[in-house]
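Enquirer: Can you read through this structure? Questions will come right after.
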Amino acid sequence: MTQDSGAAIKLTIEDGVAVITVDNPPVNAISQAVRQGLVDAIKTVAADSSIQAAVIRGAGKVFIAGADVREFGKPPVEPFLPDVIAAIEACDKPVCAAIHGVALGGGFEIALGCHFRVMDAKARVGFPEVNLGLIPGAGGTQRLPRLCGVEKAADLVTSGRQVAAKEALEIGLVDAIAADGDLLSAAKTLGLSKAGAPLPRISEMTVPAAAADFFTTEKTRVTRAARGQHSPLRALEAVEAAATLPFAEGMKRERAIFQELRSSDQAKALRHVFFAERAVSKVPGLEDAKARKLDTLAVIGGGTMGAGIAVACLRAGYPVTMIEADDAALERGRANVDKNLEGFVSRGRLSNEAKAEHMARLSGSLDYNALKDTDLVIEAVFEDMGVKKIVFGKLDAAMKPGAVLATNTSYLDIDEIAAATKRPGDVIGLHFFSPAFVMRLLEIVRPAKTTDDVVVTGFALAQKLGKVAVLSGVCDGFIGNRILAKMRKQADYMIEDGALPWDVDKAVEAFGLPMGPFRVMDLAGLDIAWAQRKRTAATRDPAERYVDIADKVCEEGWFGQKTGRGWYVYEAGKPSPNTDVEKIILAESARKGITRRAIDVQEIQNRILYAMINEGARIVDEKIAARPLDVDMVEIFGYGFPRWRGGPLCTADIIGLPKVLDDIRALEKADPLFWKPSALLERLVADGKTFSDLNQ
Ligand code: T1G
């Protein structure tokens with residue numbers, strides 16, 4: 001017998017077991033139709049005497065991925081998920097969840113409402129709600145502690161991490177792991193075996209006592225780890241309610257916290273990131289382009305970037321050829337790859353055998369003809385246009401027609417590099433961020449002549465490497481470094497106006513970035529930016545305010561961590577303010593006739609943030625970035641902008657563009673050149689629109 005409660009839920013009866021299939025592609029998100037269908041199906045189970053047990057399963061690749069994230073911006077519609085789960089749990093016939101793929105969020109809450117749970121060996125369960133600025137809102141924070149204790153429950157709901165089958169069984173989240181391909185029959189057998197017996201209902205269980213000071217110490221830990229995000233601490237509060245209140249009261253507490261967070265700015269921002277992270281690789285206008293063959297890769301150069309890129313490609317399973325200028329350099333390149341892979345081994349993320357297998361896929365040569373059959377090459381040699389043109393001339397001569405020639409340059413003009421070949425249509429920028437095997441951002445930089453299929457090939461490679469790829473046009477610094485340059489300029493102005501580097505860093509870190517601009521410069525090496533300032537001095541706009549402080553610091557030979565001092569002094573790796581730099585700063589302010597003034601945290605944060613917003617808006621206006629979400633993804637995945645703020649342009653929408661524009665116009669009075677408002681920002685405010693309107 002089949003009952004089809006709308007497309008979302010199907011019910012068939014097999015050997016006395018009602019098999020309830022959630023079928024809402026692509027991931028069985030719990031839409032209103034799914035919720036209604038489950039309520040109807042449970043009513044059928046209860047009413048039909050031929051049914052002795054029920055199994056809830058998911059069609060397609062997963063059990064249930066959770067509530068439908070697209071519904072969160074809208075008013076909730078009945079039946080509400082907690083009530084659906086209560087109906088499942090109240091059923092007087094055994095209901096068993098058959099979990100494959102993932103059971104996440106509301107999906108895992110549905111499984112906890114079932115009396116039994118069977119899991120496929122490769123499946124995973126978890127409560128990722130905190131990653132959306134929420135907490136489990138359908139009993140997850142109340143049932144989980146009853147099943148595995150408050151310590152484990154707190155870990156799972158505050159971290160959002162997924163739990164593999166083995167651990168899930170060990171800590172009691174599931175009753176059994178099914179043998180391969182046997183999930184449904186194992187669930188049916190378990191359900192039938194319990195027919196007529198008293199049914200375990202988690203809501204009726206008691207929460208095992210926790211250590212007296214558990215929540216106190218856990219609050220400190222969770223607060224520190226959350227770095228300004230609210231949901232982890234609120235999730236812990238809900239778990240504490242489970243430990244201190246009767247189930248029904250605890251459910252009310254959980255619901256109240258969930259509803260409060262659901263409409264919060266952080267939840268809006270994290271929802272934006274959730275969808276933007278997926279939308280960013282779907283570039284408007286490239287829908288019909290097909291990626292080229294992508295089976296073999298090569299890197300030119302075995303230095304930090306070249307070796308890092310080689311490791312990223314090896315970790316993704318590719319064979320990689322490394323080209324270097326001579327045997328010694330090639331040996332150093334191999335050693336760099338080996339060292340980077342050894343890091344994975346020492347962190348327990350790669351076995352020695354797997355490392356050996358990776359190294360076996362790395363071949364080296366001094367001869368470009370070794371690349372005659374290679375599908376895609378990434379050049380990562382010294383950042384000098386002359387050197388790159390020679391390399392691309394050789395690649396052009398050696399590689400097969402249709403091969404993709406990529407450069408990892410972080411700021412040189414890729415149109416000019418492409419012009420050094422007879423195949424500019426095959427040339428593209430793949431700008432990795434160091435360490436290339438860690439940082440998720442990859443800027444795909446498109447010169448004028450590059451063909452659509454080469455761009456799409458770049459995105460295909462990014463997906464294989466597990467990167468978040470963002471398409472950028474060609475300009476100085478592309479998207480991320482162009483915004484970084486503006487941030488740093490504003491930071492330089494502030495230390496000449498009255499702040500000190502450590503004030504700026506502290507304020508920026510309090511905003512939520514992992515490291516302030518001066519700490520970052522010390523890490524990168526002050527000499528690199530110094531060399532660039534000297535290189536571009538002749539073309540600098542004389543009307544632009546120029547701060548000499550960094551040059552003076554470099555003239556002392558203080559290049560940052562690599563020389564033991566820069567903006568900070570490094571003893572045993574720990575940074576402390578370089579008071580000699582303070583003397584240089586005070587002397588420079590005096591030399592410029594600037595009366596130094598106190599610059600508070602709010603002003604520092606505003607000037608840094610607005611510099612990012614204004615430049616990000618210009619980048620979108622110039623079509624260097626296709627949409628505001630592309631700028632947000634660059635900042636979050638390449639520069640550590642806090643996810644719970646959604647990125648600079650999402651933050652601007654949350655502040656309100658009229659206020660952002662007013663504040664920038666106020667700053668413009670003191671420095672009309674730097675703070676000229678983006679024309680796009682002015683148009684959006686005039687039209688009553690937001691950056692989000694441009695993301696649709
Ligand atoms: N709602 C709506 N759409 C979703 C979705 C969801 N929960 N999860 C995924 N999608 C879409 C996604 O946007 C993409 O769409 C497509 O499915 C494939 O996703 C009450 C309140 C399940 C591990 O946070 O972790 O339950 O781009 O590319 O890599 O307490 O999706 O194709 O148009 O990611 O195979 C909690 C989020 C919700 C899980 C699959 N659940 N999803 O990964 O595919 S809040 C989550 C994922 C909640 C309750 C609370 C992953 C995945 P499009 P994909 P994938």
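How things are named: the first chain in the structure tokens is A, the next is B, and so on; residues count from 1 in each chain; ligands count from 1 in the order shown.
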At a cut-off of 7 Å, can you tabulate as CSV every residue of chain A near ligand 1 together with its closest atom pair and the distance in Å to one decimal, using only C-alpha atoms and all ligand atoms and ordering rows by chain then number?
Expert:
```
residue,atom,partner,partner_atom_place_in_ligand_line,distance
A:Pro26,CA,ligand 1,17 (O),5.4
A:Val27,CA,ligand 1,17 (O),5.5
A:Ala29,CA,ligand 1,1 (N),5.0
A:Ala65,CA,ligand 1,22 (C),4.5
A:Gly66,CA,ligand 1,26 (O),3.6
A:Ala67,CA,ligand 1,26 (O),3.7
A:Asp68,CA,ligand 1,1 (N),3.5
A:Val69,CA,ligand 1,1 (N),3.9
A:Arg70,CA,ligand 1,2 (C),5.5
A:Leu81,CA,ligand 1,20 (C),6.6
A:Val102,CA,ligand 1,23 (C),6.5
A:Leu104,CA,ligand 1,41 (N),5.1
A:Gly105,CA,ligand 1,26 (O),3.6
A:Gly106,CA,ligand 1,26 (O),3.7
A:Gly107,CA,ligand 1,26 (O),6.4
A:Glu109,CA,ligand 1,30 (O),6.8
A:Phe127,CA,ligand 1,36 (C),6.7
A:Pro128,CA,ligand 1,24 (O),5.1
A:Glu129,CA,ligand 1,45 (S),5.0
A:Leu132,CA,ligand 1,24 (O),6.7
A:Leu134,CA,ligand 1,21 (C),6.8
A:Ile135,CA,ligand 1,30 (O),6.4
A:Pro136,CA,ligand 1,30 (O),3.4
A:Gly137,CA,ligand 1,30 (O),3.9
A:Ala138,CA,ligand 1,30 (O),5.0
A:Gly140,CA,ligand 1,30 (O),6.6
A:Phe275,CA,ligand 1,13 (O),5.9
A:Arg278,CA,ligand 1,27 (O),5.3
A:Ala279,CA,ligand 1,27 (O),6.4
```
Enquirer: Quick one: write out the picked residues with C-alpha atoms as a tab-separated table (two decimals), in the first residue's frame?
Expert:
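Everything below was put into part.tsv:
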```tsv
chain	number	residue	atom	x	y	z
A	26	PRO	CA	18.33	17.71	-3.16
A	27	VAL	CA	18.92	17.14	0.56
A	29	ALA	CA	15.33	19.83	3.79
A	65	ALA	CA	19.82	17.88	6.01
A	66	GLY	CA	17.78	19.90	8.49
A	67	ALA	CA	15.21	22.65	8.41
A	68	ASP	CA	14.86	24.47	5.10
A	69	VAL	CA	17.28	27.37	5.49
A	70	ARG	CA	15.31	29.33	2.89
A	81	LEU	CA	8.91	20.87	13.89
A	102	VAL	CA	23.76	12.97	6.95
A	104	LEU	CA	21.78	17.30	10.52
A	105	GLY	CA	19.94	19.89	12.56
A	106	GLY	CA	16.24	19.23	12.40
A	107	GLY	CA	17.03	15.99	10.60
A	109	GLU	CA	16.18	16.07	15.89
A	127	PHE	CA	23.78	19.95	15.02
A	128	PRO	CA	25.33	22.62	12.72
A	129	GLU	CA	22.77	25.27	13.73
A	132	LEU	CA	23.79	29.60	11.00
A	134	LEU	CA	21.01	29.56	15.63
A	135	ILE	CA	20.68	26.71	18.09
A	136	PRO	CA	18.79	23.43	17.56
A	137	GLY	CA	15.18	24.60	17.83
A	138	ALA	CA	13.19	21.33	17.87
A	140	GLY	CA	17.95	18.83	20.05
A	275	PHE	CA	24.08	30.71	0.36
A	278	ARG	CA	27.46	28.15	-2.87
A	279	ALA	CA	26.45	30.94	-5.20
```
Enquirer: Find the residues near Gly386 (chain A): any atom within 12 Å, counting only C-alpha atoms, skip ones fewer than 5 places away on the same chain, and give them as an MDAnalysis selection string.
Expert: chainID A and resid 381 391:393 412:413 416:417 420
Enquirer: Please produce a file of the residues just selected, as a PDB file, in the first residue's frame, where the atoms kept are C-alpha atoms.
Expert:
```pdb
ATOM      1  CA  VAL A 381      57.921  31.980  -9.853  1.00  0.00           C
ATOM      2  CA  VAL A 391      58.289  31.365 -18.345  1.00  0.00           C
ATOM      3  CA  PHE A 392      55.052  31.859 -20.304  1.00  0.00           C
ATOM      4  CA  GLY A 393      56.980  31.965 -23.573  1.00  0.00           C
ATOM      5  CA  LEU A 412      51.091  41.774 -11.792  1.00  0.00           C
ATOM      6  CA  ASP A 413      49.041  42.532 -14.938  1.00  0.00           C
ATOM      7  CA  GLU A 416      50.465  41.570 -20.143  1.00  0.00           C
ATOM      8  CA  ILE A 417      51.525  38.042 -19.205  1.00  0.00           C
ATOM      9  CA  ALA A 420      53.635  36.961 -24.025  1.00  0.00           C
TER      10      ALA A 420
END
```
Enquirer: Would you list the contacts of region 499-511 of chain A as a PDB file with C-alpha atoms, in the first residue's frame, taking every protein, DNA or RNA residue within 12 Å and counting only C-alpha atoms, but skipping same-chain residues closer than 5 positions in sequence?
Expert:
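Writing the result to selection-v8.pdb gives the following:
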```
ATOM      1  CA  ARG A 227      35.255  35.019  19.062  1.00  0.00           C
ATOM      2  CA  GLY A 228      32.187  37.280  19.209  1.00  0.00           C
ATOM      3  CA  GLN A 229      29.622  34.881  17.752  1.00  0.00           C
ATOM      4  CA  MET A 487      42.787  49.145   4.971  1.00  0.00           C
ATOM      5  CA  ARG A 488      46.531  49.493   5.503  1.00  0.00           C
ATOM      6  CA  GLN A 490      43.855  54.001   6.623  1.00  0.00           C
ATOM      7  CA  ALA A 491      45.779  52.246   9.429  1.00  0.00           C
ATOM      8  CA  ASP A 492      48.899  54.247   8.513  1.00  0.00           C
ATOM      9  CA  TYR A 493      46.885  57.483   8.602  1.00  0.00           C
ATOM     10  CA  MET A 494      45.586  56.622  12.050  1.00  0.00           C
ATOM     11  CA  GLY A 516      45.382  43.397  13.141  1.00  0.00           C
ATOM     12  CA  PRO A 517      47.039  44.984  10.076  1.00  0.00           C
ATOM     13  CA  PHE A 518      50.364  45.694  11.794  1.00  0.00           C
ATOM     14  CA  ARG A 519      50.690  42.131  13.114  1.00  0.00           C
ATOM     15  CA  VAL A 520      49.888  40.886   9.599  1.00  0.00           C
ATOM     16  CA  MET A 521      52.528  43.168   8.067  1.00  0.00           C
ATOM     17  CA  ASP A 522      55.123  41.889  10.576  1.00  0.00           C
ATOM     18  CA  ILE A 549      56.469  55.924   9.048  1.00  0.00           C
ATOM     19  CA  ALA A 550      56.674  52.435   7.528  1.00  0.00           C
ATOM     20  CA  GLY A 566      59.120  45.393  13.102  1.00  0.00           C
ATOM     21  CA  TRP A 567      56.068  47.126  14.496  1.00  0.00           C
ATOM     22  CA  TYR A 568      56.552  44.699  17.371  1.00  0.00           C
ATOM     23  CA  VAL A 569      59.576  43.144  19.033  1.00  0.00           C
ATOM     24  CA  PRO A 575      55.169  40.081  20.088  1.00  0.00           C
ATOM     25  CA  SER A 576      55.448  43.163  22.291  1.00  0.00           C
ATOM     26  CA  PRO A 577      55.138  46.797  21.129  1.00  0.00           C
ATOM     27  CA  ASN A 578      58.344  48.148  19.635  1.00  0.00           C
ATOM     28  CA  THR A 579      58.777  51.340  21.638  1.00  0.00           C
ATOM     29  CA  ASP A 580      61.464  52.506  19.202  1.00  0.00           C
ATOM     30  CA  VAL A 581      58.759  52.543  16.550  1.00  0.00           C
ATOM     31  CA  GLU A 582      56.676  54.712  18.836  1.00  0.00           C
ATOM     32  CA  LYS A 583      59.508  57.273  18.845  1.00  0.00           C
ATOM     33  CA  ILE A 584      59.536  57.260  15.036  1.00  0.00           C
ATOM     34  CA  ILE A 585      55.762  57.720  14.946  1.00  0.00           C
ATOM     35  CA  LEU A 586      55.782  60.662  17.364  1.00  0.00           C
ATOM     36  CA  SER A 589      53.578  63.349  13.453  1.00  0.00           C
ATOM     37  CA  THR A 595      48.693  67.438  16.646  1.00  0.00           C
ATOM     38  CA  ARG A 596      48.176  63.861  17.744  1.00  0.00           C
ATOM     39  CA  ARG A 597      44.768  63.036  19.270  1.00  0.00           C
ATOM     40  CA  ALA A 598      43.213  60.012  20.942  1.00  0.00           C
ATOM     41  CA  ILE A 599      41.461  57.712  18.449  1.00  0.00           C
ATOM     42  CA  ASP A 600      39.048  55.386  20.209  1.00  0.00           C
ATOM     43  CA  VAL A 601      38.234  51.781  19.367  1.00  0.00           C
ATOM     44  CA  GLN A 602      34.967  52.688  17.629  1.00  0.00           C
ATOM     45  CA  GLU A 603      36.646  55.198  15.328  1.00  0.00           C
ATOM     46  CA  ILE A 604      39.423  52.735  14.474  1.00  0.00           C
ATOM     47  CA  GLN A 605      36.889  50.011  13.676  1.00  0.00           C
ATOM     48  CA  ASN A 606      34.714  52.357  11.616  1.00  0.00           C
ATOM     49  CA  ARG A 607      37.592  53.720   9.541  1.00  0.00           C
ATOM     50  CA  ILE A 608      38.925  50.224   8.803  1.00  0.00           C
ATOM     51  CA  LEU A 609      35.470  48.813   8.039  1.00  0.00           C
ATOM     52  CA  GLY A 640      39.481  36.099   8.155  1.00  0.00           C
ATOM     53  CA  PHE A 641      36.607  38.577   8.181  1.00  0.00           C
ATOM     54  CA  PRO A 642      34.247  37.099  10.796  1.00  0.00           C
ATOM     55  CA  ARG A 643      31.644  34.822   9.187  1.00  0.00           C
ATOM     56  CA  TRP A 644      29.042  35.979  11.726  1.00  0.00           C
ATOM     57  CA  ARG A 645      29.272  39.478  10.227  1.00  0.00           C
ATOM     58  CA  PRO A 648      32.017  43.811   4.646  1.00  0.00           C
ATOM     59  CA  THR A 651      27.794  44.233   7.264  1.00  0.00           C
TER      60      THR A 651
END
```
Enquirer: List the spatial neighbours of region 185-198 of chain A as JSON, numbers by chain - criterion: any atom at most 7 Å away, only C-alpha atoms, same-chain residues fewer than 3 positions off excluded.
Expert: {"A": [17, 52, 53, 54, 55, 93, 94, 95, 96, 98, 118, 178, 182]}
Enquirer: One decimal, Å: what's the distance from CA of Ala356 (chain A) over to CA of Tyr368 (chain A), could you say?
Expert: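 That distance, rounded to one decimal, is 25.2 Å.
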Enquirer: Please indicate the distance in Å from CA of Arg262 (chain A) to CA of Gly133 (chain A), rounded to one decimal place.
Expert: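 Taking CA of Arg262 (chain A) and CA of Gly133 (chain A), their separation equals 7.5 Å.
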Enquirer: May I have the residues within 12 Å of Gly113 (chain A) as a ChimeraX atom specification, using only C-alpha atoms and disregarding those fewer than 6 positions away in the same chain?
Expert: /A:56,81-91,94-97,106-107,138-140,142-144,147,173-174,199-204
Enquirer: For those residues, write C-alpha atoms to a file as a short mmCIF file (atom, residue, chain, number, x, y, z; two decimals), in the first residue's frame.
Expert:
```
data_model
loop_
_atom_site.label_atom_id
_atom_site.label_comp_id
_atom_site.auth_asym_id
_atom_site.auth_seq_id
_atom_site.Cartn_x
_atom_site.Cartn_y
_atom_site.Cartn_z
CA ILE A 56 11.70 6.95 8.60
CA LEU A 81 8.91 20.87 13.89
CA PRO A 82 8.87 20.33 17.69
CA ASP A 83 5.23 19.24 17.38
CA VAL A 84 6.03 16.91 14.49
CA ILE A 85 8.78 15.30 16.54
CA ALA A 86 6.52 15.03 19.59
CA ALA A 87 3.96 13.17 17.41
CA ILE A 88 6.64 10.73 16.23
CA GLU A 89 7.83 10.12 19.78
CA ALA A 90 4.25 9.67 21.08
CA CYS A 91 3.49 7.00 18.51
CA PRO A 94 8.14 1.51 17.32
CA VAL A 95 9.54 4.16 14.93
CA CYS A 96 13.12 3.66 13.76
CA ALA A 97 15.23 6.20 11.90
CA GLY A 106 16.24 19.23 12.40
CA GLY A 107 17.03 15.99 10.60
CA ALA A 138 13.19 21.33 17.87
CA GLY A 139 14.37 19.58 21.01
CA GLY A 140 17.95 18.83 20.05
CA GLN A 142 16.93 18.83 25.37
CA ARG A 143 17.06 15.27 24.02
CA LEU A 144 20.77 15.06 23.27
CA LEU A 147 21.08 10.47 25.46
CA LEU A 173 23.39 8.43 19.72
CA VAL A 174 22.35 5.41 17.65
CA LEU A 199 9.21 2.13 23.84
CA PRO A 200 12.20 4.30 24.85
CA ARG A 201 11.23 7.97 24.62
CA ILE A 202 14.20 10.27 25.12
CA SER A 203 12.03 13.08 26.50
CA GLU A 204 11.14 10.79 29.41
#
```
Enquirer: Give me, please, the distance in Å between CA of Lys669 (chain A) and CA of Arg545 (chain A), quoted to one decimal.
Expert: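 We find that CA of Lys669 (chain A) and CA of Arg545 (chain A) lie 14.0 Å from each other.
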Enquirer: Contacts of Lys290 (chain A) at 8 Å or less, counting only C-alpha atoms, minus same-chain residues fewer than 2 places along, as an MDAnalysis selection string?
Expert: chainID A and resid 288 292 453 456:457
Enquirer: Save the residues we just selected, N, CA and C atoms, as a tab-separated table (two decimals), in the first residue's frame?
Expert:
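And here's selection_7.tsv as it stands now:
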```
chain	number	residue	atom	x	y	z
A	288	ASP	N	26.71	27.93	-19.58
A	288	ASP	CA	26.83	26.96	-20.67
A	288	ASP	C	28.26	26.52	-20.93
A	292	ARG	N	37.55	22.17	-19.27
A	292	ARG	CA	38.43	21.35	-20.09
A	292	ARG	C	38.91	20.13	-19.26
A	453	ASP	N	35.45	28.77	-21.20
A	453	ASP	CA	35.73	27.40	-20.75
A	453	ASP	C	37.00	27.34	-19.92
A	456	VAL	N	35.86	28.45	-16.45
A	456	VAL	CA	35.10	27.36	-15.80
A	456	VAL	C	36.04	26.22	-15.40
A	457	THR	N	37.10	26.04	-16.16
A	457	THR	CA	38.11	25.03	-15.78
A	457	THR	C	38.77	25.43	-14.46
```
Enquirer: Between A:Ser264, A:Val438, A:Ser472, A:Leu405, which has the minimum distance to Gly73 (chain A) (counting only C-alpha atoms)?
Expert: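 Nearest to Gly73 (chain A): A:Ser264.
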Enquirer: Write out as a count of residues only the residues lying within 10 Å of region 317-330 of chain A, counting only C-alpha atoms and excluding same-chain residues fewer than 5 positions away.
Expert: 40
Enquirer: Pick from A:Ala168, A:Val337, A:Ala448, A:Cys554: nearest to Gly126 (chain A), with only C-alpha atoms counted?
Expert: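 Using only C-alpha atoms, Gly126 (chain A) sits closest to A:Ala168.
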Enquirer: Just the strand (DSSP E) stuff from region 361-521 of chain A, please, per backbone DSSP, written as a PyMOL selection string.
Expert: chain A and resi 362-365+376-379+404-407+427-432+441-445+468-472
Enquirer: DSSP on the backbone: what in region 81-213 of chain A comes out alpha helix (DSSP H), as a PyMOL selection string?
Expert: chain A and resi 81-90+106-113+140-159+165-170+183-193
Enquirer: May I ask which of the residues A:Glu443, A:Asp632, A:Asp338, A:Glu353 is the closest one to Val468 (chain A), counting only C-alpha atoms?
Expert: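 Among A:Glu443, A:Asp632, A:Asp338, A:Glu353, it is A:Glu443 that comes nearest to Val468 (chain A).
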Enquirer: So which one's closest to Leu270 (chain A), A:Tyr546, A:Phe63, A:Phe432, A:Phe72? Using only C-alpha atoms, please.
Expert: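 With only C-alpha atoms as the atom set, the closest residue is A:Phe72.
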